[in-house]
$ cat work.pdb   # PDB, N, CA and C atoms
MODEL        1
ATOM      1  N   MET A 122     -40.226   3.215   4.135  1.00  0.00           N
ATOM      2  CA  MET A 122     -38.942   3.677   3.608  1.00  0.00           C
ATOM      3  C   MET A 122     -38.355   4.717   4.559  1.00  0.00           C
ATOM      4  N   THR A 123     -37.087   4.583   4.773  1.00  0.00           N
ATOM      5  CA  THR A 123     -36.421   5.532   5.652  1.00  0.00           C
ATOM      6  C   THR A 123     -35.774   6.641   4.829  1.00  0.00           C
ATOM      7  N   HIS A 124     -35.434   7.697   5.526  1.00  0.00           N
ATOM      8  CA  HIS A 124     -34.766   8.807   4.846  1.00  0.00           C
ATOM      9  C   HIS A 124     -33.380   8.415   4.355  1.00  0.00           C
ATOM     10  N   ALA A 125     -32.760   7.474   5.035  1.00  0.00           N
ATOM     11  CA  ALA A 125     -31.407   7.061   4.677  1.00  0.00           C
ATOM     12  C   ALA A 125     -31.345   6.481   3.267  1.00  0.00           C
ATOM     13  N   GLU A 126     -32.442   5.893   2.799  1.00  0.00           N
ATOM     14  CA  GLU A 126     -32.454   5.329   1.448  1.00  0.00           C
ATOM     15  C   GLU A 126     -32.317   6.402   0.379  1.00  0.00           C
ATOM     16  N   PHE A 127     -32.598   7.630   0.724  1.00  0.00           N
ATOM     17  CA  PHE A 127     -32.426   8.742  -0.212  1.00  0.00           C
ATOM     18  C   PHE A 127     -31.174   9.550   0.100  1.00  0.00           C
ATOM     19  N   ILE A 128     -30.818   9.614   1.362  1.00  0.00           N
ATOM     20  CA  ILE A 128     -29.684  10.440   1.773  1.00  0.00           C
ATOM     21  C   ILE A 128     -28.364   9.831   1.316  1.00  0.00           C
ATOM     22  N   TYR A 129     -28.167   8.535   1.531  1.00  0.00           N
ATOM     23  CA  TYR A 129     -26.901   7.905   1.143  1.00  0.00           C
ATOM     24  C   TYR A 129     -26.637   7.982  -0.357  1.00  0.00           C
ATOM     25  N   PRO A 130     -27.613   7.685  -1.209  1.00  0.00           N
ATOM     26  CA  PRO A 130     -27.346   7.850  -2.653  1.00  0.00           C
ATOM     27  C   PRO A 130     -27.089   9.299  -3.051  1.00  0.00           C
ATOM     28  N   SER A 131     -27.740  10.244  -2.383  1.00  0.00           N
ATOM     29  CA  SER A 131     -27.487  11.643  -2.726  1.00  0.00           C
ATOM     30  C   SER A 131     -26.070  12.043  -2.335  1.00  0.00           C
ATOM     31  N   TYR A 132     -25.588  11.555  -1.198  1.00  0.00           N
ATOM     32  CA  TYR A 132     -24.195  11.805  -0.831  1.00  0.00           C
ATOM     33  C   TYR A 132     -23.254  11.154  -1.839  1.00  0.00           C
ATOM     34  N   ALA A 133     -23.557   9.955  -2.255  1.00  0.00           N
ATOM     35  CA  ALA A 133     -22.707   9.256  -3.222  1.00  0.00           C
ATOM     36  C   ALA A 133     -22.650  10.018  -4.544  1.00  0.00           C
ATOM     37  N   LEU A 134     -23.797  10.501  -5.001  1.00  0.00           N
ATOM     38  CA  LEU A 134     -23.819  11.278  -6.250  1.00  0.00           C
ATOM     39  C   LEU A 134     -23.051  12.587  -6.101  1.00  0.00           C
ATOM     40  N   THR A 135     -23.193  13.228  -4.965  1.00  0.00           N
ATOM     41  CA  THR A 135     -22.483  14.485  -4.729  1.00  0.00           C
ATOM     42  C   THR A 135     -20.980  14.270  -4.715  1.00  0.00           C
ATOM     43  N   ILE A 136     -20.526  13.238  -4.021  1.00  0.00           N
ATOM     44  CA  ILE A 136     -19.095  12.959  -3.954  1.00  0.00           C
ATOM     45  C   ILE A 136     -18.560  12.574  -5.332  1.00  0.00           C
ATOM     46  N   ALA A 137     -19.320  11.765  -6.073  1.00  0.00           N
ATOM     47  CA  ALA A 137     -18.887  11.391  -7.424  1.00  0.00           C
ATOM     48  C   ALA A 137     -18.811  12.620  -8.323  1.00  0.00           C
ATOM     49  N   GLY A 138     -19.769  13.510  -8.205  1.00  0.00           N
ATOM     50  CA  GLY A 138     -19.749  14.737  -8.993  1.00  0.00           C
ATOM     51  C   GLY A 138     -18.576  15.623  -8.635  1.00  0.00           C
ATOM     52  N   MET A 139     -18.281  15.715  -7.349  1.00  0.00           N
ATOM     53  CA  MET A 139     -17.140  16.527  -6.918  1.00  0.00           C
ATOM     54  C   MET A 139     -15.826  15.961  -7.435  1.00  0.00           C
ATOM     55  N   VAL A 140     -15.694  14.647  -7.396  1.00  0.00           N
ATOM     56  CA  VAL A 140     -14.476  14.005  -7.913  1.00  0.00           C
ATOM     57  C   VAL A 140     -14.367  14.240  -9.424  1.00  0.00           C
ATOM     58  N   GLY A 141     -15.494  14.159 -10.121  1.00  0.00           N
ATOM     59  CA  GLY A 141     -15.487  14.402 -11.556  1.00  0.00           C
ATOM     60  C   GLY A 141     -15.075  15.822 -11.905  1.00  0.00           C
ATOM     61  N   VAL A 142     -15.619  16.796 -11.200  1.00  0.00           N
ATOM     62  CA  VAL A 142     -15.260  18.199 -11.451  1.00  0.00           C
ATOM     63  C   VAL A 142     -13.804  18.446 -11.089  1.00  0.00           C
ATOM     64  N   LEU A 143     -13.346  17.847 -10.005  1.00  0.00           N
ATOM     65  CA  LEU A 143     -11.947  17.986  -9.607  1.00  0.00           C
ATOM     66  C   LEU A 143     -11.017  17.440 -10.681  1.00  0.00           C
ATOM     67  N   ALA A 144     -11.317  16.252 -11.197  1.00  0.00           N
ATOM     68  CA  ALA A 144     -10.482  15.654 -12.246  1.00  0.00           C
ATOM     69  C   ALA A 144     -10.520  16.487 -13.517  1.00  0.00           C
ATOM     70  N   TRP A 145     -11.696  16.964 -13.889  1.00  0.00           N
ATOM     71  CA  TRP A 145     -11.843  17.773 -15.096  1.00  0.00           C
ATOM     72  C   TRP A 145     -11.042  19.073 -14.980  1.00  0.00           C
ATOM     73  N   SER A 146     -11.139  19.745 -13.836  1.00  0.00           N
ATOM     74  CA  SER A 146     -10.418  20.999 -13.672  1.00  0.00           C
ATOM     75  C   SER A 146      -8.907  20.765 -13.592  1.00  0.00           C
ATOM     76  N   TRP A 147      -8.484  19.662 -12.965  1.00  0.00           N
ATOM     77  CA  TRP A 147      -7.060  19.357 -12.888  1.00  0.00           C
ATOM     78  C   TRP A 147      -6.494  19.110 -14.282  1.00  0.00           C
ATOM     79  N   LEU A 148      -7.229  18.351 -15.102  1.00  0.00           N
ATOM     80  CA  LEU A 148      -6.773  18.093 -16.467  1.00  0.00           C
ATOM     81  C   LEU A 148      -6.736  19.379 -17.291  1.00  0.00           C
ATOM     82  N   ALA A 149      -7.717  20.249 -17.108  1.00  0.00           N
ATOM     83  CA  ALA A 149      -7.723  21.522 -17.820  1.00  0.00           C
ATOM     84  C   ALA A 149      -6.534  22.376 -17.394  1.00  0.00           C
ATOM     85  N   MET A 150      -6.210  22.355 -16.105  1.00  0.00           N
ATOM     86  CA  MET A 150      -5.063  23.104 -15.607  1.00  0.00           C
ATOM     87  C   MET A 150      -3.769  22.573 -16.219  1.00  0.00           C
ATOM     88  N   ARG A 151      -3.632  21.255 -16.290  1.00  0.00           N
ATOM     89  CA  ARG A 151      -2.429  20.659 -16.872  1.00  0.00           C
ATOM     90  C   ARG A 151      -2.294  21.035 -18.350  1.00  0.00           C
ATOM     91  N   ARG A 152      -3.411  21.019 -19.090  1.00  0.00           N
ATOM     92  CA  ARG A 152      -3.367  21.415 -20.508  1.00  0.00           C
ATOM     93  C   ARG A 152      -2.984  22.881 -20.644  1.00  0.00           C
ATOM     94  N   ALA A 153      -3.517  23.733 -19.779  1.00  0.00           N
ATOM     95  CA  ALA A 153      -3.198  25.160 -19.844  1.00  0.00           C
ATOM     96  C   ALA A 153      -1.733  25.406 -19.495  1.00  0.00           C
ATOM     97  N   GLU A 154      -1.224  24.693 -18.504  1.00  0.00           N
ATOM     98  CA  GLU A 154       0.194  24.832 -18.160  1.00  0.00           C
ATOM     99  C   GLU A 154       1.086  24.379 -19.308  1.00  0.00           C
ATOM    100  N   ALA A 155       0.712  23.297 -19.976  1.00  0.00           N
ATOM    101  CA  ALA A 155       1.495  22.814 -21.102  1.00  0.00           C
ATOM    102  C   ALA A 155       1.459  23.819 -22.254  1.00  0.00           C
ATOM    103  N   ALA A 156       0.305  24.404 -22.500  1.00  0.00           N
ATOM    104  CA  ALA A 156       0.197  25.395 -23.572  1.00  0.00           C
ATOM    105  C   ALA A 156       0.998  26.648 -23.229  1.00  0.00           C
ATOM    106  N   ALA A 157       1.006  27.064 -21.968  1.00  0.00           N
ATOM    107  CA  ALA A 157       1.770  28.226 -21.561  1.00  0.00           C
ATOM    108  C   ALA A 157       3.266  27.956 -21.687  1.00  0.00           C
ATOM    109  N   ALA A 158       3.690  26.766 -21.312  1.00  0.00           N
ATOM    110  CA  ALA A 158       5.110  26.421 -21.434  1.00  0.00           C
ATOM    111  C   ALA A 158       5.528  26.363 -22.896  1.00  0.00           C
ATOM    112  N   LYS A 159       4.649  25.842 -23.747  1.00  0.00           N
ATOM    113  CA  LYS A 159       4.958  25.776 -25.171  1.00  0.00           C
ATOM    114  C   LYS A 159       5.044  27.168 -25.773  1.00  0.00           C
ATOM    115  N   ALA A 160       4.146  28.057 -25.366  1.00  0.00           N
ATOM    116  CA  ALA A 160       4.162  29.441 -25.884  1.00  0.00           C
ATOM    117  C   ALA A 160       5.391  30.185 -25.364  1.00  0.00           C
ATOM    118  N   LYS A 161       5.822  29.879 -24.166  1.00  0.00           N
ATOM    119  CA  LYS A 161       6.981  30.553 -23.591  1.00  0.00           C
ATOM    120  C   LYS A 161       8.267  30.166 -24.290  1.00  0.00           C
ATOM    121  N   ARG A 162       8.325  28.907 -24.778  1.00  0.00           N
ATOM    122  CA  ARG A 162       9.527  28.426 -25.468  1.00  0.00           C
ATOM    123  C   ARG A 162       9.694  29.061 -26.849  1.00  0.00           C
ATOM    124  N   ARG A 163       8.644  29.569 -27.401  1.00  0.00           N
ATOM    125  CA  ARG A 163       8.723  30.141 -28.756  1.00  0.00           C
ATOM    126  C   ARG A 163       9.441  31.437 -28.784  1.00  0.00           C
TER     127      ARG A 163
ENDMDL
END
$ encode --input "work.pdb" --output "structure tokens"
Amino acid sequence: MTHAEFIYPSYALTIAGMVGVLAWSWLAMRRAEAAAAKAKRR
């Protein structure tokens, strides 16, 4: 077994995790902006 058999999946998991955290934080930011805009209109 070569090291690449472990390295490539670890990179794939890391990139998938980063994309997941990015999407989660972006959605949280959008919800917070919407809540701030709603509170400002009151």
$ atom_distance --input "work.pdb" --atom1 "atom CA of A:Lys161" --atom2 "atom C of A:Trp145"
23.0 Å
$ atom_distance --input "work.pdb" --atom1 "atom N of A:Tyr129" --atom2 "atom N of A:Gly141"
18.1 Å
$ atom_distance --input "work.pdb" --atom1 "atom C of A:Gly138" --atom2 "atom CA of A:Met150"
16.9 Å
$ decode --input "work.pdb" --residues "stretch 124-158 of chain A" --atoms "N, CA and C atoms" --output "PDB file, in the first residue's frame"
ATOM      1  N   HIS A 124       1.400   5.486   0.308  1.00  0.00           N
ATOM      2  CA  HIS A 124       0.890   6.572   1.144  1.00  0.00           C
ATOM      3  C   HIS A 124      -0.241   7.326   0.458  1.00  0.00           C
ATOM      4  N   ALA A 125      -0.225   7.341  -0.858  1.00  0.00           N
ATOM      5  CA  ALA A 125      -1.235   8.078  -1.610  1.00  0.00           C
ATOM      6  C   ALA A 125      -2.641   7.543  -1.347  1.00  0.00           C
ATOM      7  N   GLU A 126      -2.755   6.259  -1.025  1.00  0.00           N
ATOM      8  CA  GLU A 126      -4.074   5.686  -0.746  1.00  0.00           C
ATOM      9  C   GLU A 126      -4.700   6.276   0.508  1.00  0.00           C
ATOM     10  N   PHE A 127      -3.900   6.865   1.356  1.00  0.00           N
ATOM     11  CA  PHE A 127      -4.417   7.528   2.555  1.00  0.00           C
ATOM     12  C   PHE A 127      -4.430   9.042   2.398  1.00  0.00           C
ATOM     13  N   ILE A 128      -3.491   9.561   1.641  1.00  0.00           N
ATOM     14  CA  ILE A 128      -3.365  11.011   1.502  1.00  0.00           C
ATOM     15  C   ILE A 128      -4.508  11.586   0.673  1.00  0.00           C
ATOM     16  N   TYR A 129      -4.818  10.981  -0.467  1.00  0.00           N
ATOM     17  CA  TYR A 129      -5.885  11.513  -1.321  1.00  0.00           C
ATOM     18  C   TYR A 129      -7.246  11.523  -0.632  1.00  0.00           C
ATOM     19  N   PRO A 130      -7.646  10.448   0.039  1.00  0.00           N
ATOM     20  CA  PRO A 130      -8.931  10.522   0.763  1.00  0.00           C
ATOM     21  C   PRO A 130      -8.921  11.544   1.895  1.00  0.00           C
ATOM     22  N   SER A 131      -7.780  11.725   2.548  1.00  0.00           N
ATOM     23  CA  SER A 131      -7.737  12.721   3.618  1.00  0.00           C
ATOM     24  C   SER A 131      -7.883  14.127   3.048  1.00  0.00           C
ATOM     25  N   TYR A 132      -7.278  14.384   1.894  1.00  0.00           N
ATOM     26  CA  TYR A 132      -7.481  15.676   1.238  1.00  0.00           C
ATOM     27  C   TYR A 132      -8.942  15.844   0.835  1.00  0.00           C
ATOM     28  N   ALA A 133      -9.544  14.808   0.317  1.00  0.00           N
ATOM     29  CA  ALA A 133     -10.947  14.883  -0.099  1.00  0.00           C
ATOM     30  C   ALA A 133     -11.852  15.180   1.094  1.00  0.00           C
ATOM     31  N   LEU A 134     -11.598  14.513   2.211  1.00  0.00           N
ATOM     32  CA  LEU A 134     -12.403  14.769   3.416  1.00  0.00           C
ATOM     33  C   LEU A 134     -12.191  16.189   3.931  1.00  0.00           C
ATOM     34  N   THR A 135     -10.965  16.655   3.889  1.00  0.00           N
ATOM     35  CA  THR A 135     -10.671  18.012   4.350  1.00  0.00           C
ATOM     36  C   THR A 135     -11.367  19.046   3.484  1.00  0.00           C
ATOM     37  N   ILE A 136     -11.297  18.879   2.172  1.00  0.00           N
ATOM     38  CA  ILE A 136     -11.938  19.828   1.266  1.00  0.00           C
ATOM     39  C   ILE A 136     -13.456  19.783   1.432  1.00  0.00           C
ATOM     40  N   ALA A 137     -14.016  18.581   1.575  1.00  0.00           N
ATOM     41  CA  ALA A 137     -15.463  18.468   1.783  1.00  0.00           C
ATOM     42  C   ALA A 137     -15.871  19.134   3.093  1.00  0.00           C
ATOM     43  N   GLY A 138     -15.081  18.956   4.127  1.00  0.00           N
ATOM     44  CA  GLY A 138     -15.372  19.595   5.406  1.00  0.00           C
ATOM     45  C   GLY A 138     -15.288  21.103   5.320  1.00  0.00           C
ATOM     46  N   MET A 139     -14.294  21.595   4.599  1.00  0.00           N
ATOM     47  CA  MET A 139     -14.158  23.045   4.437  1.00  0.00           C
ATOM     48  C   MET A 139     -15.335  23.633   3.672  1.00  0.00           C
ATOM     49  N   VAL A 140     -15.773  22.938   2.637  1.00  0.00           N
ATOM     50  CA  VAL A 140     -16.933  23.405   1.863  1.00  0.00           C
ATOM     51  C   VAL A 140     -18.186  23.390   2.745  1.00  0.00           C
ATOM     52  N   GLY A 141     -18.323  22.355   3.566  1.00  0.00           N
ATOM     53  CA  GLY A 141     -19.467  22.277   4.463  1.00  0.00           C
ATOM     54  C   GLY A 141     -19.489  23.408   5.477  1.00  0.00           C
ATOM     55  N   VAL A 142     -18.353  23.697   6.081  1.00  0.00           N
ATOM     56  CA  VAL A 142     -18.276  24.792   7.058  1.00  0.00           C
ATOM     57  C   VAL A 142     -18.511  26.129   6.374  1.00  0.00           C
ATOM     58  N   LEU A 143     -17.976  26.293   5.177  1.00  0.00           N
ATOM     59  CA  LEU A 143     -18.191  27.525   4.423  1.00  0.00           C
ATOM     60  C   LEU A 143     -19.670  27.738   4.134  1.00  0.00           C
ATOM     61  N   ALA A 144     -20.354  26.696   3.673  1.00  0.00           N
ATOM     62  CA  ALA A 144     -21.788  26.808   3.378  1.00  0.00           C
ATOM     63  C   ALA A 144     -22.587  27.083   4.642  1.00  0.00           C
ATOM     64  N   TRP A 145     -22.251  26.403   5.725  1.00  0.00           N
ATOM     65  CA  TRP A 145     -22.956  26.590   6.991  1.00  0.00           C
ATOM     66  C   TRP A 145     -22.789  28.024   7.501  1.00  0.00           C
ATOM     67  N   SER A 146     -21.566  28.544   7.455  1.00  0.00           N
ATOM     68  CA  SER A 146     -21.339  29.896   7.945  1.00  0.00           C
ATOM     69  C   SER A 146     -21.987  30.936   7.029  1.00  0.00           C
ATOM     70  N   TRP A 147     -21.985  30.690   5.714  1.00  0.00           N
ATOM     71  CA  TRP A 147     -22.622  31.619   4.788  1.00  0.00           C
ATOM     72  C   TRP A 147     -24.123  31.682   5.048  1.00  0.00           C
ATOM     73  N   LEU A 148     -24.744  30.515   5.254  1.00  0.00           N
ATOM     74  CA  LEU A 148     -26.178  30.490   5.543  1.00  0.00           C
ATOM     75  C   LEU A 148     -26.486  31.172   6.875  1.00  0.00           C
ATOM     76  N   ALA A 149     -25.639  30.974   7.872  1.00  0.00           N
ATOM     77  CA  ALA A 149     -25.839  31.634   9.158  1.00  0.00           C
ATOM     78  C   ALA A 149     -25.714  33.146   9.006  1.00  0.00           C
ATOM     79  N   MET A 150     -24.766  33.592   8.188  1.00  0.00           N
ATOM     80  CA  MET A 150     -24.596  35.019   7.944  1.00  0.00           C
ATOM     81  C   MET A 150     -25.834  35.597   7.263  1.00  0.00           C
ATOM     82  N   ARG A 151     -26.368  34.885   6.278  1.00  0.00           N
ATOM     83  CA  ARG A 151     -27.562  35.359   5.577  1.00  0.00           C
ATOM     84  C   ARG A 151     -28.754  35.455   6.533  1.00  0.00           C
ATOM     85  N   ARG A 152     -28.911  34.461   7.417  1.00  0.00           N
ATOM     86  CA  ARG A 152     -30.007  34.508   8.400  1.00  0.00           C
ATOM     87  C   ARG A 152     -29.824  35.679   9.352  1.00  0.00           C
ATOM     88  N   ALA A 153     -28.594  35.928   9.783  1.00  0.00           N
ATOM     89  CA  ALA A 153     -28.335  37.036  10.702  1.00  0.00           C
ATOM     90  C   ALA A 153     -28.585  38.378  10.019  1.00  0.00           C
ATOM     91  N   GLU A 154     -28.187  38.496   8.764  1.00  0.00           N
ATOM     92  CA  GLU A 154     -28.455  39.735   8.027  1.00  0.00           C
ATOM     93  C   GLU A 154     -29.951  39.964   7.861  1.00  0.00           C
ATOM     94  N   ALA A 155     -30.700  38.904   7.588  1.00  0.00           N
ATOM     95  CA  ALA A 155     -32.140  39.033   7.439  1.00  0.00           C
ATOM     96  C   ALA A 155     -32.785  39.433   8.767  1.00  0.00           C
ATOM     97  N   ALA A 156     -32.318  38.858   9.855  1.00  0.00           N
ATOM     98  CA  ALA A 156     -32.868  39.208  11.166  1.00  0.00           C
ATOM     99  C   ALA A 156     -32.523  40.649  11.527  1.00  0.00           C
ATOM    100  N   ALA A 157     -31.326  41.114  11.189  1.00  0.00           N
ATOM    101  CA  ALA A 157     -30.940  42.482  11.469  1.00  0.00           C
ATOM    102  C   ALA A 157     -31.770  43.456  10.637  1.00  0.00           C
ATOM    103  N   ALA A 158     -32.007  43.117   9.386  1.00  0.00           N
ATOM    104  CA  ALA A 158     -32.825  43.985   8.533  1.00  0.00           C
ATOM    105  C   ALA A 158     -34.261  44.038   9.033  1.00  0.00           C
TER     106      ALA A 158
END
